[in-house]
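Q: Take a look at input22.cif, mmCIF, C-alpha atoms:
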data_upload
loop_
_atom_site.group_PDB
_atom_site.id
_atom_site.type_symbol
_atom_site.label_atom_id
_atom_site.label_comp_id
_atom_site.auth_asym_id
_atom_site.auth_seq_id
_atom_site.Cartn_x
_atom_site.Cartn_y
_atom_site.Cartn_z
ATOM 1 C CA MET A 1395 2.035 9.150 18.866
ATOM 2 C CA ASN A 1396 4.864 11.678 19.206
ATOM 3 C CA TRP A 1397 4.598 12.529 15.499
ATOM 4 C CA ILE A 1398 1.002 13.596 16.165
ATOM 5 C CA ILE A 1399 2.191 15.668 19.120
ATOM 6 C CA LEU A 1400 4.827 17.260 16.874
ATOM 7 C CA ILE A 1401 2.184 18.135 14.281
ATOM 8 C CA VAL A 1402 0.008 19.668 17.013
ATOM 9 C CA ALA A 1403 3.053 21.678 18.168
ATOM 10 C CA GLY A 1404 3.501 22.966 14.618
ATOM 11 C CA LEU A 1405 -0.185 23.877 14.408
ATOM 12 C CA CYS A 1406 0.135 25.766 17.693
ATOM 13 C CA GLU A 1407 2.968 27.693 16.065
ATOM 14 C CA VAL A 1408 0.611 28.581 13.231
ATOM 15 C CA GLY A 1409 -1.911 29.635 15.880
ATOM 16 C CA PHE A 1410 0.504 32.018 17.533
ATOM 17 C CA THR A 1411 1.455 33.615 14.231
ATOM 18 C CA TYR A 1412 -2.240 34.059 13.404
ATOM 19 C CA SER A 1413 -2.855 35.628 16.818
ATOM 20 C CA LEU A 1414 0.062 37.977 16.319
ATOM 21 C CA GLY A 1415 -1.308 38.987 12.916
ATOM 22 C CA LYS A 1416 -4.731 39.703 14.415
ATOM 23 C CA ALA A 1417 -3.218 41.734 17.266
ATOM 24 C CA LYS A 1418 -1.458 43.939 14.750
ATOM 25 C CA GLY A 1419 -4.575 45.820 13.708
ATOM 26 C CA VAL A 1420 -6.426 46.285 17.009
ATOM 27 C CA THR A 1421 -6.084 48.115 20.306
ATOM 28 C CA GLY A 1422 -7.363 47.937 23.856
ATOM 29 C CA VAL A 1423 -9.052 44.815 25.190
ATOM 30 C CA GLU A 1424 -9.069 43.144 21.794
ATOM 31 C CA TRP A 1425 -5.283 43.585 21.557
ATOM 32 C CA TRP A 1426 -4.838 41.976 24.982
ATOM 33 C CA THR A 1427 -7.091 39.103 23.954
ATOM 34 C CA TRP A 1428 -5.022 38.335 20.847
ATOM 35 C CA ILE A 1429 -1.729 38.759 22.705
ATOM 36 C CA SER A 1430 -2.982 36.369 25.392
ATOM 37 C CA ALA A 1431 -3.918 33.853 22.692
ATOM 38 C CA PHE A 1432 -0.443 34.355 21.214
ATOM 39 C CA ALA A 1433 1.223 33.629 24.577
ATOM 40 C CA ILE A 1434 -0.881 30.535 25.235
ATOM 41 C CA MET A 1435 -0.238 29.099 21.773
ATOM 42 C CA TYR A 1436 3.475 29.902 22.085
ATOM 43 C CA VAL A 1437 3.775 28.022 25.368
ATOM 44 C CA LEU A 1438 1.701 25.074 24.101
ATOM 45 C CA SER A 1439 3.827 24.876 20.985
ATOM 46 C CA ALA A 1440 7.043 24.703 23.018
ATOM 47 C CA VAL A 1441 5.616 22.172 25.485
ATOM 48 C CA PHE A 1442 4.390 19.880 22.700
ATOM 49 C CA LEU A 1443 7.724 20.192 20.896
ATOM 50 C CA ALA A 1444 9.566 19.237 24.094
ATOM 51 C CA LYS A 1445 7.269 16.240 24.538
ATOM 52 C CA ALA A 1446 7.758 15.104 20.936
ATOM 53 C CA THR A 1447 11.548 15.266 21.248
ATOM 54 C CA GLN A 1448 11.462 12.585 23.918
ATOM 55 C CA THR A 1449 11.363 10.013 21.099
ATOM 56 C CA ILE A 1450 11.993 12.001 17.895
ATOM 57 C CA PRO A 1451 15.566 13.244 17.371
ATOM 58 C CA ILE A 1452 15.846 17.015 17.844
ATOM 59 C CA GLY A 1453 17.610 17.298 14.486
ATOM 60 C CA THR A 1454 14.420 16.027 12.840
ATOM 61 C CA ALA A 1455 11.759 17.388 15.198
ATOM 62 C CA TYR A 1456 12.888 21.007 15.197
ATOM 63 C CA PRO A 1457 13.032 21.454 11.402
ATOM 64 C CA VAL A 1458 9.678 19.681 10.993
ATOM 65 C CA TRP A 1459 8.155 21.891 13.709
ATOM 66 C CA THR A 1460 9.472 25.106 12.200
ATOM 67 C CA GLY A 1461 8.529 23.908 8.715
ATOM 68 C CA ILE A 1462 4.936 23.269 9.729
ATOM 69 C CA GLY A 1463 4.886 26.699 11.347
ATOM 70 C CA ALA A 1464 6.427 28.392 8.321
ATOM 71 C CA VAL A 1465 4.137 26.708 5.788
ATOM 72 C CA GLY A 1466 1.131 27.355 8.001
ATOM 73 C CA ALA A 1467 2.081 30.997 8.530
ATOM 74 C CA VAL A 1468 2.416 31.568 4.781
ATOM 75 C CA LEU A 1469 -0.942 29.891 4.129
ATOM 76 C CA VAL A 1470 -2.615 31.888 6.918
ATOM 77 C CA GLY A 1471 -1.106 35.041 5.439
ATOM 78 C CA ILE A 1472 -2.460 34.202 2.003
ATOM 79 C CA PHE A 1473 -5.930 33.012 3.021
ATOM 80 C CA MET A 1474 -6.649 35.072 6.146
ATOM 81 C CA PHE A 1475 -4.648 38.253 5.675
ATOM 82 C CA ARG A 1476 -4.839 38.453 1.874
ATOM 83 C CA GLU A 1477 -1.078 38.529 1.342
ATOM 84 C CA PRO A 1478 0.074 38.283 -2.292
ATOM 85 C CA VAL A 1479 0.417 34.927 -4.046
ATOM 86 C CA THR A 1480 3.382 34.915 -6.410
ATOM 87 C CA PHE A 1481 5.101 32.187 -8.370
ATOM 88 C CA TRP A 1482 8.286 32.425 -6.289
ATOM 89 C CA ARG A 1483 6.403 32.385 -3.021
ATOM 90 C CA LEU A 1484 4.592 29.204 -4.030
ATOM 91 C CA PHE A 1485 7.792 27.709 -5.452
ATOM 92 C CA PHE A 1486 9.729 28.123 -2.202
ATOM 93 C CA LEU A 1487 6.737 27.024 -0.144
ATOM 94 C CA THR A 1488 6.661 23.831 -2.206
ATOM 95 C CA THR A 1489 10.385 23.228 -1.713
ATOM 96 C CA LEU A 1490 9.901 23.673 2.024
ATOM 97 C CA ILE A 1491 7.091 21.112 2.085
ATOM 98 C CA VAL A 1492 9.170 18.636 0.062
ATOM 99 C CA SER A 1493 12.057 19.144 2.502
ATOM 100 C CA ILE A 1494 9.814 18.460 5.518
ATOM 101 C CA ILE A 1495 8.541 15.266 3.883
ATOM 102 C CA GLY A 1496 12.147 14.288 3.132
ATOM 103 C CA LEU A 1497 13.146 14.688 6.785
ATOM 104 C CA LYS A 1498 10.182 12.600 7.891
ATOM 105 C CA ALA A 1499 11.021 9.903 5.338
ATOM 106 C CA LEU A 1500 14.593 9.620 6.596
#
Output the file's structure in the form of structure tokens.

A:
Amino acid sequence: MNWIILIVAGLCEVGFTYSLGKAKGVTGVEWWTWISAFAIMYVLSAVFLAKATQTIPIGTAYPVWTGIGAVGAVLVGIFMFREPVTFWRLFFLTTLIVSIIGLKAL
């Protein structure tokens, strides 16, 4: 169950990076809305990570959490914010995913 909570924590991290990206291009009430979403997702991410570390070693949970967030942030950047897709970007994204799977397997 705590692995699911850890995955949800990582997805919340992706959510706060998405919210931050959306806040970048707006002002006024819309900016406050996205910043509020950012803050909520940030807190949820930390709370879920803390819950997951009750049974998952921190040395495994933290890298998996940040890895999910990093991979998710890159994918959100590519698909939602039209950031460039290059060979090296995909290469290092793949190595990150393989590393996360390796940590889970150990």

Q: Spell out the residues picked by the PyMOL selection byres ((chain A and resi 1489-1496) around 10) here, as a list in words.

A: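 Those residues are Thr1454, Ala1455, Pro1457, Val1458, Trp1459, Thr1460, Gly1461, Ile1462, Ala1464, Val1465, Leu1484, Phe1485, Phe1486, Leu1487, Thr1488, Leu1497, Lys1498, Ala1499 and Leu1500 of chain A.
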
Q: What would the file look like if the residues just selected were written as a compact mmCIF listing (two decimals), in the coordinates of the input with C-alpha atoms?

A:
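So result21.txt came out as:
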# COMPACT_ATOMS: atom_id res chain seq x y z
CA THR A 1454 14.42 16.03 12.84
CA ALA A 1455 11.76 17.39 15.20
CA PRO A 1457 13.03 21.45 11.40
CA VAL A 1458 9.68 19.68 10.99
CA TRP A 1459 8.15 21.89 13.71
CA THR A 1460 9.47 25.11 12.20
CA GLY A 1461 8.53 23.91 8.72
CA ILE A 1462 4.94 23.27 9.73
CA ALA A 1464 6.43 28.39 8.32
CA VAL A 1465 4.14 26.71 5.79
CA LEU A 1484 4.59 29.20 -4.03
CA PHE A 1485 7.79 27.71 -5.45
CA PHE A 1486 9.73 28.12 -2.20
CA LEU A 1487 6.74 27.02 -0.14
CA THR A 1488 6.66 23.83 -2.21
CA LEU A 1497 13.15 14.69 6.78
CA LYS A 1498 10.18 12.60 7.89
CA ALA A 1499 11.02 9.90 5.34
CA LEU A 1500 14.59 9.62 6.60

Q: For the PyMOL selection byres ((chain A and resi 1435) around 7), applied here, can you spell out every residue it catches as a list in words?

A: Cys1406, Glu1407, Gly1409, Phe1410, Ala1431, Phe1432, Ala1433, Ile1434, Tyr1436, Val1437, Leu1438 and Ser1439 of chain A

Q: Nearest residue to A:Leu1414 out of A:Ala1467, A:Ile1429, A:Leu1400, A:Glu1477, using only C-alpha atoms?

A: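 Among the listed residues, the smallest separation from A:Leu1414 belongs to A:Ile1429.
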
Q: Atom CA of A:Thr1449 to atom CA of A:Ile1398: how many Å, to one decimal?

A: 12.0 Å

Q: Grab the atom CA of A:Met1474 to atom CA of A:Trp1426 distance for me, in Å with one decimal place.

A: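 The value is 20.1 Å.
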
Q: May I ask which of the residues A:Leu1443, A:Ile1450, A:Phe1473, A:Gly1463 is the closest one to A:Ile1399, counting all atoms listed in the file?

A: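 When distances to A:Ile1399 are compared using all atoms listed in the file, the smallest one comes from A:Leu1443.
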
Q: For each of A:Phe1481, A:Phe1475, A:Gly1404, A:Gln1448, take the minimum atom-to-atom distance to A:Lys1418, counting only C-alpha atoms, then give the residue where this is smallest.

A: A:Phe1475

Q: Can you tell me how far atom CA of A:Ala1403 sits from atom CA of A:Phe1442, in Å to one decimal?

A: 5.1 Å

Q: Closest to A:Ile1401 among A:Gly1422, A:Trp1428, A:Arg1476, A:Tyr1456, using all atoms listed in the file?

A: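 With all atoms listed in the file as the atom set, the closest residue is A:Tyr1456.
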
Q: Kindly indicate which residue among A:Thr1421, A:Val1441, A:Thr1411, A:Lys1416 lies nearest to A:Leu1469, using all atoms listed in the file for the distances.

A: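 With all atoms listed in the file as the atom set, the closest residue is A:Thr1411.
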